[in-house]
$ cat query14.csv   # CSV, C-alpha atoms
chain,number,residue,atom,x,y,z
A,24,MET,CA,113.4,80.1,102.5
A,25,ASP,CA,112.3,77.3,104.9
A,26,GLN,CA,110.4,79.9,106.9
A,27,LEU,CA,108.6,81.0,103.8
A,28,ARG,CA,107.9,77.4,102.7
A,29,SER,CA,106.4,76.6,106.1
A,30,LEU,CA,103.8,79.3,105.4
A,31,ILE,CA,102.5,77.7,102.2
A,32,ARG,CA,99.5,75.6,102.8
A,33,ASP,CA,98.6,72.4,100.9
A,34,VAL,CA,94.9,72.3,100.0
A,35,PRO,CA,93.8,69.0,98.5
A,36,ASP,CA,91.4,68.8,95.6
A,37,PHE,CA,91.4,72.5,94.6
A,38,PRO,CA,90.4,73.7,92.1
A,39,GLU,CA,89.6,70.2,91.0
A,40,PRO,CA,89.7,66.7,92.5
A,41,GLY,CA,93.3,65.3,92.5
A,42,ILE,CA,95.0,68.6,92.5
A,43,MET,CA,97.1,69.6,95.5
A,44,PHE,CA,96.9,73.4,95.6
A,45,LYS,CA,99.7,75.5,97.0
A,46,ASP,CA,97.9,78.2,99.0
A,47,ILE,CA,100.2,81.2,99.5
A,48,ALA,CA,97.7,83.1,101.6
A,49,PRO,CA,99.3,82.4,104.9
A,50,LEU,CA,102.6,83.7,103.6
A,51,LEU,CA,101.0,86.8,102.2
A,52,GLY,CA,99.3,87.4,105.5
A,53,ASP,CA,102.5,87.5,107.5
A,54,ALA,CA,104.1,90.9,107.2
A,55,HIS,CA,107.6,89.7,107.7
A,56,ALA,CA,107.3,86.8,105.3
A,57,LEU,CA,105.6,89.0,102.7
A,58,ASN,CA,108.4,91.6,102.7
A,59,ARG,CA,111.1,88.9,102.6
A,60,ALA,CA,109.4,87.2,99.6
A,61,LEU,CA,109.1,90.5,97.8
A,62,ASP,CA,112.8,91.2,98.4
A,63,LEU,CA,113.8,87.8,97.1
A,64,MET,CA,111.6,88.3,94.0
A,65,SER,CA,113.0,91.8,93.4
A,66,ASP,CA,116.6,91.6,94.3
A,67,PRO,CA,117.8,89.8,91.1
A,68,HIS,CA,116.2,92.5,89.0
A,69,ARG,CA,117.3,95.7,90.8
A,70,ASP,CA,120.2,96.5,88.4
A,71,GLN,CA,118.5,95.6,85.1
A,72,SER,CA,117.0,99.1,84.4
A,73,LEU,CA,113.6,97.6,83.9
A,74,SER,CA,110.8,99.8,82.6
A,75,HIS,CA,107.8,97.6,83.7
A,76,VAL,CA,106.7,94.6,85.7
A,77,ALA,CA,103.8,92.8,84.1
A,78,GLY,CA,101.4,90.9,86.5
A,79,ILE,CA,99.1,88.1,85.4
A,80,GLU,CA,95.5,88.3,86.7
A,81,ALA,CA,94.6,87.8,89.5
A,82,ARG,CA,97.1,86.4,91.9
A,83,GLY,CA,100.0,87.7,89.9
A,84,PHE,CA,98.7,91.2,90.6
A,85,ILE,CA,99.3,90.6,94.3
A,86,LEU,CA,103.1,90.3,93.8
A,87,ALA,CA,103.8,92.2,90.6
A,88,THR,CA,103.0,95.7,91.9
A,89,PRO,CA,105.2,95.6,95.0
A,90,VAL,CA,108.0,94.2,92.9
A,91,ALA,CA,107.5,97.0,90.4
A,92,ALA,CA,107.5,99.6,93.3
A,93,ARG,CA,110.7,98.1,94.7
A,94,ILE,CA,112.7,98.2,91.5
A,95,GLU,CA,111.2,101.6,90.4
A,96,ALA,CA,109.4,100.2,87.4
A,97,GLY,CA,105.8,100.7,86.2
A,98,PHE,CA,103.1,98.0,86.5
A,99,VAL,CA,101.3,96.5,83.5
A,100,PRO,CA,98.2,94.3,84.0
A,101,ILE,CA,97.8,91.1,81.9
A,102,ARG,CA,94.2,90.1,82.1
A,103,LYS,CA,91.5,87.6,80.9
A,104,PRO,CA,89.6,88.7,77.8
A,105,GLY,CA,87.2,91.6,78.2
A,106,LYS,CA,88.5,92.9,81.5
A,107,LEU,CA,90.7,95.7,80.2
A,108,PRO,CA,88.9,98.9,79.1
A,109,TRP,CA,91.2,100.2,76.4
A,110,LYS,CA,92.4,98.8,73.1
A,111,THR,CA,94.0,95.5,73.6
A,112,VAL,CA,96.2,92.8,72.0
A,113,GLN,CA,95.5,89.2,72.7
A,114,THR,CA,97.4,85.9,72.8
A,115,THR,CA,95.7,82.5,72.9
A,116,TYR,CA,97.2,79.4,74.5
A,117,ASP,CA,96.2,75.7,74.8
A,118,LEU,CA,94.8,74.2,78.0
A,119,GLU,CA,94.3,70.5,78.7
A,120,TYR,CA,90.8,70.8,77.2
A,121,GLY,CA,90.3,73.8,74.9
A,122,THR,CA,92.1,77.2,74.8
A,123,ASP,CA,92.3,80.3,76.9
A,124,ALA,CA,93.5,83.8,76.2
A,125,LEU,CA,95.3,86.8,77.8
A,126,GLU,CA,95.1,90.5,76.9
A,127,ALA,CA,97.2,93.6,77.5
A,128,HIS,CA,96.5,97.2,76.6
A,129,SER,CA,98.0,97.9,73.2
A,130,ASP,CA,99.9,100.9,74.6
A,131,ALA,CA,101.1,99.1,77.8
A,132,VAL,CA,104.6,98.8,76.6
A,133,THR,CA,106.6,99.9,73.5
A,134,PRO,CA,109.7,98.8,71.7
A,135,GLY,CA,112.7,99.6,73.9
A,136,ASP,CA,110.9,98.8,77.1
A,137,LYS,CA,112.4,96.0,79.3
A,138,VAL,CA,109.8,94.0,81.2
A,139,LEU,CA,109.8,91.4,83.9
A,140,VAL,CA,106.7,89.1,84.0
A,141,VAL,CA,105.5,88.1,87.5
A,142,ASP,CA,103.1,85.5,88.7
A,143,ASP,CA,102.4,83.7,91.9
A,144,VAL,CA,102.9,80.1,90.8
A,145,LEU,CA,104.7,78.5,87.8
A,146,ALA,CA,102.9,75.2,87.1
A,147,THR,CA,102.6,73.8,83.5
A,148,GLY,CA,103.9,77.1,82.1
A,149,GLY,CA,101.2,77.8,79.6
A,150,THR,CA,100.0,81.0,81.1
A,151,ALA,CA,103.5,82.3,81.7
A,152,ALA,CA,104.6,81.5,78.2
A,153,ALA,CA,101.5,83.3,76.8
A,154,ALA,CA,102.2,86.3,78.9
A,155,VAL,CA,105.8,86.5,77.6
A,156,GLU,CA,104.6,86.2,74.0
A,157,LEU,CA,102.0,88.9,74.6
A,158,VAL,CA,104.6,91.4,75.9
A,159,GLN,CA,107.0,90.5,73.1
A,160,SER,CA,104.2,91.1,70.5
A,161,LEU,CA,104.2,94.7,71.6
A,162,GLY,CA,107.9,95.0,70.7
A,163,ALA,CA,109.2,95.1,74.3
A,164,GLU,CA,112.0,92.9,75.6
A,165,VAL,CA,111.1,90.3,78.3
A,166,VAL,CA,114.1,89.9,80.6
A,167,GLY,CA,112.6,87.1,82.6
A,168,ILE,CA,109.8,85.6,84.7
A,169,SER,CA,109.7,85.9,88.5
A,170,VAL,CA,107.4,83.6,90.5
A,171,LEU,CA,107.0,83.0,94.2
A,172,VAL,CA,106.5,79.2,93.8
A,173,GLU,CA,107.6,76.8,91.1
A,174,LEU,CA,106.1,73.3,90.8
A,175,ALA,CA,109.2,72.0,89.0
A,176,PHE,CA,107.8,68.5,88.6
A,177,LEU,CA,105.3,69.9,86.1
A,178,GLY,CA,108.1,71.0,83.8
A,179,GLY,CA,106.7,74.5,83.0
A,180,ARG,CA,110.2,76.0,82.7
A,181,ALA,CA,110.8,74.1,79.5
A,182,LYS,CA,108.0,76.0,77.8
A,183,ILE,CA,109.5,79.4,78.5
A,184,ASP,CA,112.4,80.9,76.5
A,185,VAL,CA,113.4,83.6,79.0
A,186,PRO,CA,115.2,83.2,82.4
A,187,VAL,CA,112.9,82.0,85.2
A,188,HIS,CA,113.5,82.9,88.8
A,189,ALA,CA,111.5,81.1,91.6
A,190,VAL,CA,111.8,81.8,95.3
A,191,ILE,CA,110.4,78.4,96.4
A,192,VAL,CA,110.7,75.3,94.3
A,193,TYR,CA,108.8,72.0,94.8
A,194,ASP,CA,110.5,69.1,93.2
A,195,GLY,CA,107.7,66.6,93.7
B,5,MET,CA,97.9,115.2,92.6
B,6,ASP,CA,97.3,116.9,89.2
B,7,GLN,CA,100.2,114.9,87.8
B,8,LEU,CA,98.5,111.7,88.9
B,9,ARG,CA,95.1,112.8,87.7
B,10,SER,CA,96.5,113.6,84.3
B,11,LEU,CA,97.5,109.9,84.0
B,12,ILE,CA,93.9,108.6,84.5
B,13,ARG,CA,92.2,107.9,81.2
B,14,ASP,CA,88.5,108.3,80.5
B,15,VAL,CA,87.2,105.3,78.6
B,16,PRO,CA,83.6,105.8,77.4
B,17,ASP,CA,81.0,103.0,77.5
B,18,PHE,CA,83.0,100.5,79.6
B,19,PRO,CA,82.0,98.1,81.0
B,20,GLU,CA,78.5,99.1,79.7
B,21,PRO,CA,77.1,101.8,77.4
B,22,GLY,CA,76.8,105.1,79.2
B,23,ILE,CA,79.5,104.4,81.8
B,24,MET,CA,82.6,106.6,81.7
B,25,PHE,CA,85.3,104.3,83.1
B,26,LYS,CA,88.3,105.8,84.9
B,27,ASP,CA,91.3,103.7,83.6
B,28,ILE,CA,94.2,103.9,86.1
B,29,ALA,CA,96.5,101.8,83.8
B,30,PRO,CA,98.5,104.8,82.5
B,31,LEU,CA,99.2,105.8,86.1
B,32,LEU,CA,100.2,102.3,87.2
B,33,GLY,CA,102.5,102.1,84.2
B,34,ASP,CA,104.4,105.2,85.2
B,35,ALA,CA,107.1,104.2,87.8
B,36,HIS,CA,107.2,107.6,89.4
B,37,ALA,CA,103.4,108.1,89.5
B,38,LEU,CA,103.0,104.5,90.9
B,39,ASN,CA,105.3,105.1,93.8
B,40,ARG,CA,103.8,108.5,94.5
B,41,ALA,CA,100.3,107.1,94.5
B,42,LEU,CA,101.4,104.2,96.8
B,43,ASP,CA,103.0,106.7,99.2
B,44,LEU,CA,99.8,108.8,99.3
B,45,MET,CA,97.7,105.8,100.0
B,46,SER,CA,100.1,104.5,102.7
B,47,ASP,CA,101.2,107.6,104.6
B,48,PRO,CA,98.0,108.2,106.6
B,49,HIS,CA,98.2,104.6,107.9
B,50,ARG,CA,101.9,104.3,108.8
B,51,ASP,CA,101.4,104.9,112.6
B,52,GLN,CA,98.3,102.9,113.1
B,53,SER,CA,100.0,99.6,113.9
B,54,LEU,CA,97.9,97.8,111.3
B,55,SER,CA,98.2,94.0,111.1
B,56,HIS,CA,96.7,93.5,107.6
B,57,VAL,CA,95.7,95.3,104.4
B,58,ALA,CA,92.8,93.6,102.6
B,59,GLY,CA,92.6,94.0,98.9
B,60,ILE,CA,89.4,93.5,96.8
B,61,GLU,CA,89.7,91.3,93.7
B,62,ALA,CA,91.1,92.0,91.1
B,63,ARG,CA,92.2,95.6,90.7
B,64,GLY,CA,92.3,96.1,94.5
B,65,PHE,CA,95.1,93.5,94.6
B,66,ILE,CA,97.3,95.8,92.5
B,67,LEU,CA,97.4,98.5,95.2
B,68,ALA,CA,96.8,96.5,98.4
B,69,THR,CA,100.0,94.5,98.6
B,70,PRO,CA,102.4,97.4,98.0
B,71,VAL,CA,100.5,99.4,100.6
B,72,ALA,CA,100.8,96.4,103.0
B,73,ALA,CA,104.5,96.1,102.3
B,74,ARG,CA,105.0,99.8,102.9
B,75,ILE,CA,103.3,99.9,106.3
B,76,GLU,CA,104.7,96.4,107.3
B,77,ALA,CA,101.4,94.7,107.4
B,78,GLY,CA,100.3,91.3,105.9
B,79,PHE,CA,98.0,91.1,102.9
B,80,VAL,CA,94.6,89.5,102.8
B,81,PRO,CA,92.8,88.7,99.6
B,82,ILE,CA,89.0,89.3,99.3
B,83,ARG,CA,87.7,87.4,96.3
B,84,LYS,CA,84.6,86.5,94.3
B,85,PRO,CA,83.0,83.2,95.4
B,86,GLY,CA,84.8,80.0,94.7
B,87,LYS,CA,88.3,81.5,94.1
B,88,LEU,CA,89.8,81.0,97.5
B,89,PRO,CA,91.0,77.5,98.2
B,90,TRP,CA,90.6,77.2,102.0
B,91,LYS,CA,87.6,77.5,104.3
B,92,THR,CA,85.8,80.8,103.7
B,93,VAL,CA,83.3,83.3,105.1
B,94,GLN,CA,81.0,85.1,102.7
B,95,THR,CA,79.0,88.4,102.6
B,96,THR,CA,76.4,89.1,100.0
B,97,TYR,CA,75.5,92.6,98.7
B,98,ASP,CA,72.9,94.1,96.4
B,99,LEU,CA,73.7,95.2,92.9
B,100,GLU,CA,71.4,97.3,90.6
B,101,TYR,CA,70.0,94.0,89.4
B,102,GLY,CA,70.5,91.0,91.7
B,103,THR,CA,73.2,90.3,94.3
B,104,ASP,CA,76.9,89.6,94.4
B,105,ALA,CA,79.1,88.1,97.1
B,106,LEU,CA,82.7,88.4,98.4
B,107,GLU,CA,84.7,85.8,100.4
B,108,ALA,CA,87.7,85.8,102.7
B,109,HIS,CA,89.5,82.9,104.2
B,110,SER,CA,88.0,82.2,107.6
B,111,ASP,CA,91.5,82.4,109.2
B,112,ALA,CA,92.6,85.5,107.3
B,113,VAL,CA,92.2,87.8,110.3
B,114,THR,CA,91.3,87.2,114.0
B,115,PRO,CA,89.9,89.4,116.8
B,116,GLY,CA,92.5,92.0,117.8
B,117,ASP,CA,93.7,92.5,114.2
B,118,LYS,CA,93.5,96.0,112.7
B,119,VAL,CA,92.8,96.0,109.0
B,120,LEU,CA,92.8,98.6,106.2
B,121,VAL,CA,90.7,97.8,103.2
B,122,VAL,CA,92.1,98.8,99.8
B,123,ASP,CA,90.5,99.1,96.4
B,124,ASP,CA,91.3,101.0,93.2
B,125,VAL,CA,88.0,102.9,92.8
B,126,LEU,CA,85.2,103.8,95.2
B,127,ALA,CA,82.0,104.1,93.1
B,128,THR,CA,78.6,103.3,94.5
B,129,GLY,CA,80.3,101.8,97.6
B,130,GLY,CA,78.5,98.4,97.6
B,131,THR,CA,81.6,96.3,97.2
B,132,ALA,CA,83.6,98.3,99.7
B,133,ALA,CA,80.9,98.2,102.3
B,134,ALA,CA,80.6,94.4,101.8
B,135,ALA,CA,84.4,94.1,102.2
B,136,VAL,CA,84.3,96.0,105.5
B,137,GLU,CA,81.5,93.9,106.8
B,138,LEU,CA,83.3,90.7,105.8
B,139,VAL,CA,86.5,91.6,107.7
B,140,GLN,CA,84.4,92.7,110.7
B,141,SER,CA,82.5,89.4,110.6
B,142,LEU,CA,85.8,87.7,111.5
B,143,GLY,CA,86.1,89.9,114.6
B,144,ALA,CA,88.9,92.2,113.3
B,145,GLU,CA,88.7,96.0,113.5
B,146,VAL,CA,88.5,97.8,110.1
B,147,VAL,CA,90.3,101.1,110.6
B,148,GLY,CA,89.4,102.5,107.2
B,149,ILE,CA,89.2,102.2,103.5
B,150,SER,CA,91.9,103.6,101.1
B,151,VAL,CA,91.2,104.0,97.4
B,152,LEU,CA,93.2,105.6,94.6
B,153,VAL,CA,90.1,107.1,93.0
B,154,GLU,CA,86.8,108.2,94.4
B,155,LEU,CA,83.8,109.0,92.2
B,156,ALA,CA,82.3,111.2,94.8
B,157,PHE,CA,79.2,112.1,92.7
B,158,LEU,CA,78.0,108.5,93.2
B,159,GLY,CA,77.8,109.0,96.9
B,160,GLY,CA,79.5,105.7,97.9
B,161,ARG,CA,81.1,107.1,101.0
B,162,ALA,CA,77.6,107.3,102.6
B,163,LYS,CA,77.3,103.5,102.6
B,164,ILE,CA,80.5,103.1,104.6
B,165,ASP,CA,80.8,103.4,108.4
B,166,VAL,CA,84.6,103.6,108.6
B,167,PRO,CA,86.9,106.5,107.5
B,168,VAL,CA,87.5,106.6,103.7
B,169,HIS,CA,90.7,108.1,102.3
B,170,ALA,CA,90.9,108.8,98.5
B,171,VAL,CA,94.0,110.1,96.7
B,172,ILE,CA,92.1,111.5,93.7
B,173,VAL,CA,88.4,112.6,93.9
B,174,TYR,CA,86.1,113.3,91.0
B,175,ASP,CA,83.2,115.5,91.9
B,176,GLY,CA,81.2,115.2,88.7

$ encode --input "query14.csv" --output "structure tokens"
Amino acid sequence: MDQLRSLIRDVPDFPEPGIMFKDIAPLLGDAHALNRALDLMSDPHRDQSLSHVAGIEARGFILATPVAARIEAGFVPIRKPGKLPWKTVQTTYDLEYGTDALEAHSDAVTPGDKVLVVDDVLATGGTAAAAVELVQSLGAEVVGISVLVELAFLGGRAKIDVPVHAVIVYDG
Amino acid sequence: MDQLRSLIRDVPDFPEPGIMFKDIAPLLGDAHALNRALDLMSDPHRDQSLSHVAGIEARGFILATPVAARIEAGFVPIRKPGKLPWKTVQTTYDLEYGTDALEAHSDAVTPGDKVLVVDDVLATGGTAAAAVELVQSLGAEVVGISVLVELAFLGGRAKIDVPVHAVIVYDG
């Protein structure tokens, strides 16, 4: 895990002044680290008979599909409004200022499906909680959330009512 | 291939009136089809000793990382301007009306690296050609482009000076 952690780059003041951004690009760019991270994200879910892995646009897409392929599940895109071409369902959620929304295709999953939600980073948890709610609104079961990085000091886990698995956790 | 093709959905008038959009979501959502498609995209590149697979935001991310994982290469994100946190290089390209741009981290690849560019659909080829140029501008070799779907009637391949491999080709 320390080897993976050493490949995460701190970028100050991105996307806004005062934010220290955890840039996973150096980790993704290292073939060995990438495969190790994907194994660590996938392994806890190999025996859960999952039907789908849902990835949250855009960085969640990077990790969700290889996790889906590893555990032999399908992939479901969760996107910003207006990006999906077919009929969609939508969930809105609160930001610090205003609201945002996520969409999924209305036929992406059905009752009886078991879904893992994947994103790159769990921060305040608003996006992840909305993604869980969106998949549940289609009648599927969300078995958990898997992220590469958790910023635990932001307390996002408390917003989420399914198990959360993080490969790398920052406590402060 | 016919089984994969049957899982691509025609969506009329997306993203604009008169456009017939090829929606790959049903294929991605089918675990067997997803793994078959990823094998078909990866297999021609298994013995090329590639260092990286570059994916074009956002749908290219879905396919690029699992291809990278399969051929034991790293992943490089190619994004719209302002999305990457670190120092970037940029390439602009012409659209029907106006211009657009793509960015990569300036340290994403280096001279000596061998890179495959991955996207979901090859249409007019402008985005793919720009992505190739961007990677080449960092001194790396682009060995080819791999797409799931090629809209061959739009002639995009003619804009690209590296080999193009497509799993599913639409001739009209």

$ atom_distance --input "query14.csv" --atom1 "atom CA of A:Phe84" --atom2 "atom CA of B:Glu107"
17.9 Å

$ residues_around --input "query14.csv" --residues "stretch 33-42 of chain A" --least-positions-apart "6" --cutoff "12 Å" --atoms "all atoms listed in the file" --output "number ranges by chain"
A: 48-49, 146, 193; B: 86-91

$ residues_around --input "query14.csv" --residues "A:Val138" --least-positions-apart "3" --cutoff "8 Å" --atoms "only C-alpha atoms" --output "PyMOL selection string"
chain A and resi 73-77+158+163-167

$ interface_residues --input "query14.csv" --of "chain B" --to "chain A" --cutoff "6 Å" --atoms "all atoms listed in the file" --output "number ranges by chain"
B: 32-35, 39, 62, 65-66, 69-70, 73, 76-80

$ closest_residue --input "query14.csv" --among "B:Glu100, B:Val151, B:Ala134, B:Leu8" --to "B:Leu120" --atoms "all atoms listed in the file"
B:Val151

$ atom_distance --input "query14.csv" --atom1 "atom CA of A:Ile79" --atom2 "atom CA of A:Leu63"
18.8 Å

$ closest_residue --input "query14.csv" --among "B:Leu155, B:Asp123, B:Pro167, B:Val173" --to "B:Met24" --atoms "all atoms listed in the file"
B:Leu155

$ atom_distance --input "query14.csv" --atom1 "atom CA of B:Ser10" --atom2 "atom CA of B:Asp175"
15.4 Å

$ residues_around --input "query14.csv" --residues "A:Ile191" --least-positions-apart "5" --cutoff "12 Å" --atoms "only C-alpha atoms" --output "PyMOL selection string"
chain A and resi 24-31+45+47+50+60+63-64+143-145+169-175

$ build_atoms --input "query14.csv" --residues "stretch 115-132 of chain A" --atoms "N, CA and C atoms" --output "PDB file, keeping the file's coordinate frame"
ATOM      1  N   THR A 115      96.389  83.682  72.476  1.00  0.00           N
ATOM      2  CA  THR A 115      95.700  82.500  72.900  1.00  0.00           C
ATOM      3  C   THR A 115      96.680  81.380  73.231  1.00  0.00           C
ATOM      4  N   TYR A 116      96.281  80.481  74.118  1.00  0.00           N
ATOM      5  CA  TYR A 116      97.200  79.400  74.500  1.00  0.00           C
ATOM      6  C   TYR A 116      96.313  78.136  74.787  1.00  0.00           C
ATOM      7  N   ASP A 117      96.952  76.968  74.657  1.00  0.00           N
ATOM      8  CA  ASP A 117      96.200  75.700  74.800  1.00  0.00           C
ATOM      9  C   ASP A 117      96.129  75.302  76.283  1.00  0.00           C
ATOM     10  N   LEU A 118      94.966  74.828  76.672  1.00  0.00           N
ATOM     11  CA  LEU A 118      94.800  74.200  78.000  1.00  0.00           C
ATOM     12  C   LEU A 118      94.648  72.673  77.722  1.00  0.00           C
ATOM     13  N   GLU A 119      94.495  71.919  78.802  1.00  0.00           N
ATOM     14  CA  GLU A 119      94.300  70.500  78.700  1.00  0.00           C
ATOM     15  C   GLU A 119      93.108  70.193  77.772  1.00  0.00           C
ATOM     16  N   TYR A 120      92.015  70.925  78.031  1.00  0.00           N
ATOM     17  CA  TYR A 120      90.800  70.800  77.200  1.00  0.00           C
ATOM     18  C   TYR A 120      90.503  72.237  76.697  1.00  0.00           C
ATOM     19  N   GLY A 121      90.710  72.524  75.409  1.00  0.00           N
ATOM     20  CA  GLY A 121      90.300  73.800  74.900  1.00  0.00           C
ATOM     21  C   GLY A 121      91.468  74.833  74.911  1.00  0.00           C
ATOM     22  N   THR A 122      91.098  76.111  74.791  1.00  0.00           N
ATOM     23  CA  THR A 122      92.100  77.200  74.800  1.00  0.00           C
ATOM     24  C   THR A 122      91.653  78.286  75.733  1.00  0.00           C
ATOM     25  N   ASP A 123      92.613  79.128  76.098  1.00  0.00           N
ATOM     26  CA  ASP A 123      92.300  80.300  76.900  1.00  0.00           C
ATOM     27  C   ASP A 123      93.078  81.476  76.258  1.00  0.00           C
ATOM     28  N   ALA A 124      92.880  82.677  76.761  1.00  0.00           N
ATOM     29  CA  ALA A 124      93.500  83.800  76.200  1.00  0.00           C
ATOM     30  C   ALA A 124      93.900  84.857  77.240  1.00  0.00           C
ATOM     31  N   LEU A 125      94.912  85.650  76.929  1.00  0.00           N
ATOM     32  CA  LEU A 125      95.300  86.800  77.800  1.00  0.00           C
ATOM     33  C   LEU A 125      95.357  88.027  76.947  1.00  0.00           C
ATOM     34  N   GLU A 126      95.091  89.169  77.593  1.00  0.00           N
ATOM     35  CA  GLU A 126      95.100  90.500  76.900  1.00  0.00           C
ATOM     36  C   GLU A 126      95.994  91.462  77.660  1.00  0.00           C
ATOM     37  N   ALA A 127      96.553  92.387  76.902  1.00  0.00           N
ATOM     38  CA  ALA A 127      97.200  93.600  77.500  1.00  0.00           C
ATOM     39  C   ALA A 127      96.771  94.777  76.692  1.00  0.00           C
ATOM     40  N   HIS A 128      96.817  95.932  77.323  1.00  0.00           N
ATOM     41  CA  HIS A 128      96.500  97.200  76.600  1.00  0.00           C
ATOM     42  C   HIS A 128      97.589  97.329  75.481  1.00  0.00           C
ATOM     43  N   SER A 129      97.138  97.769  74.315  1.00  0.00           N
ATOM     44  CA  SER A 129      98.000  97.900  73.200  1.00  0.00           C
ATOM     45  C   SER A 129      99.122  98.933  73.369  1.00  0.00           C
ATOM     46  N   ASP A 130      98.894  99.870  74.306  1.00  0.00           N
ATOM     47  CA  ASP A 130      99.900 100.900  74.600  1.00  0.00           C
ATOM     48  C   ASP A 130     100.613 100.637  75.931  1.00  0.00           C
ATOM     49  N   ALA A 131     100.496  99.420  76.459  1.00  0.00           N
ATOM     50  CA  ALA A 131     101.100  99.100  77.800  1.00  0.00           C
ATOM     51  C   ALA A 131     102.577  99.245  77.803  1.00  0.00           C
ATOM     52  N   VAL A 132     103.202  98.735  76.759  1.00  0.00           N
ATOM     53  CA  VAL A 132     104.600  98.800  76.600  1.00  0.00           C
ATOM     54  C   VAL A 132     104.958  99.097  75.145  1.00  0.00           C
TER      55      VAL A 132
END
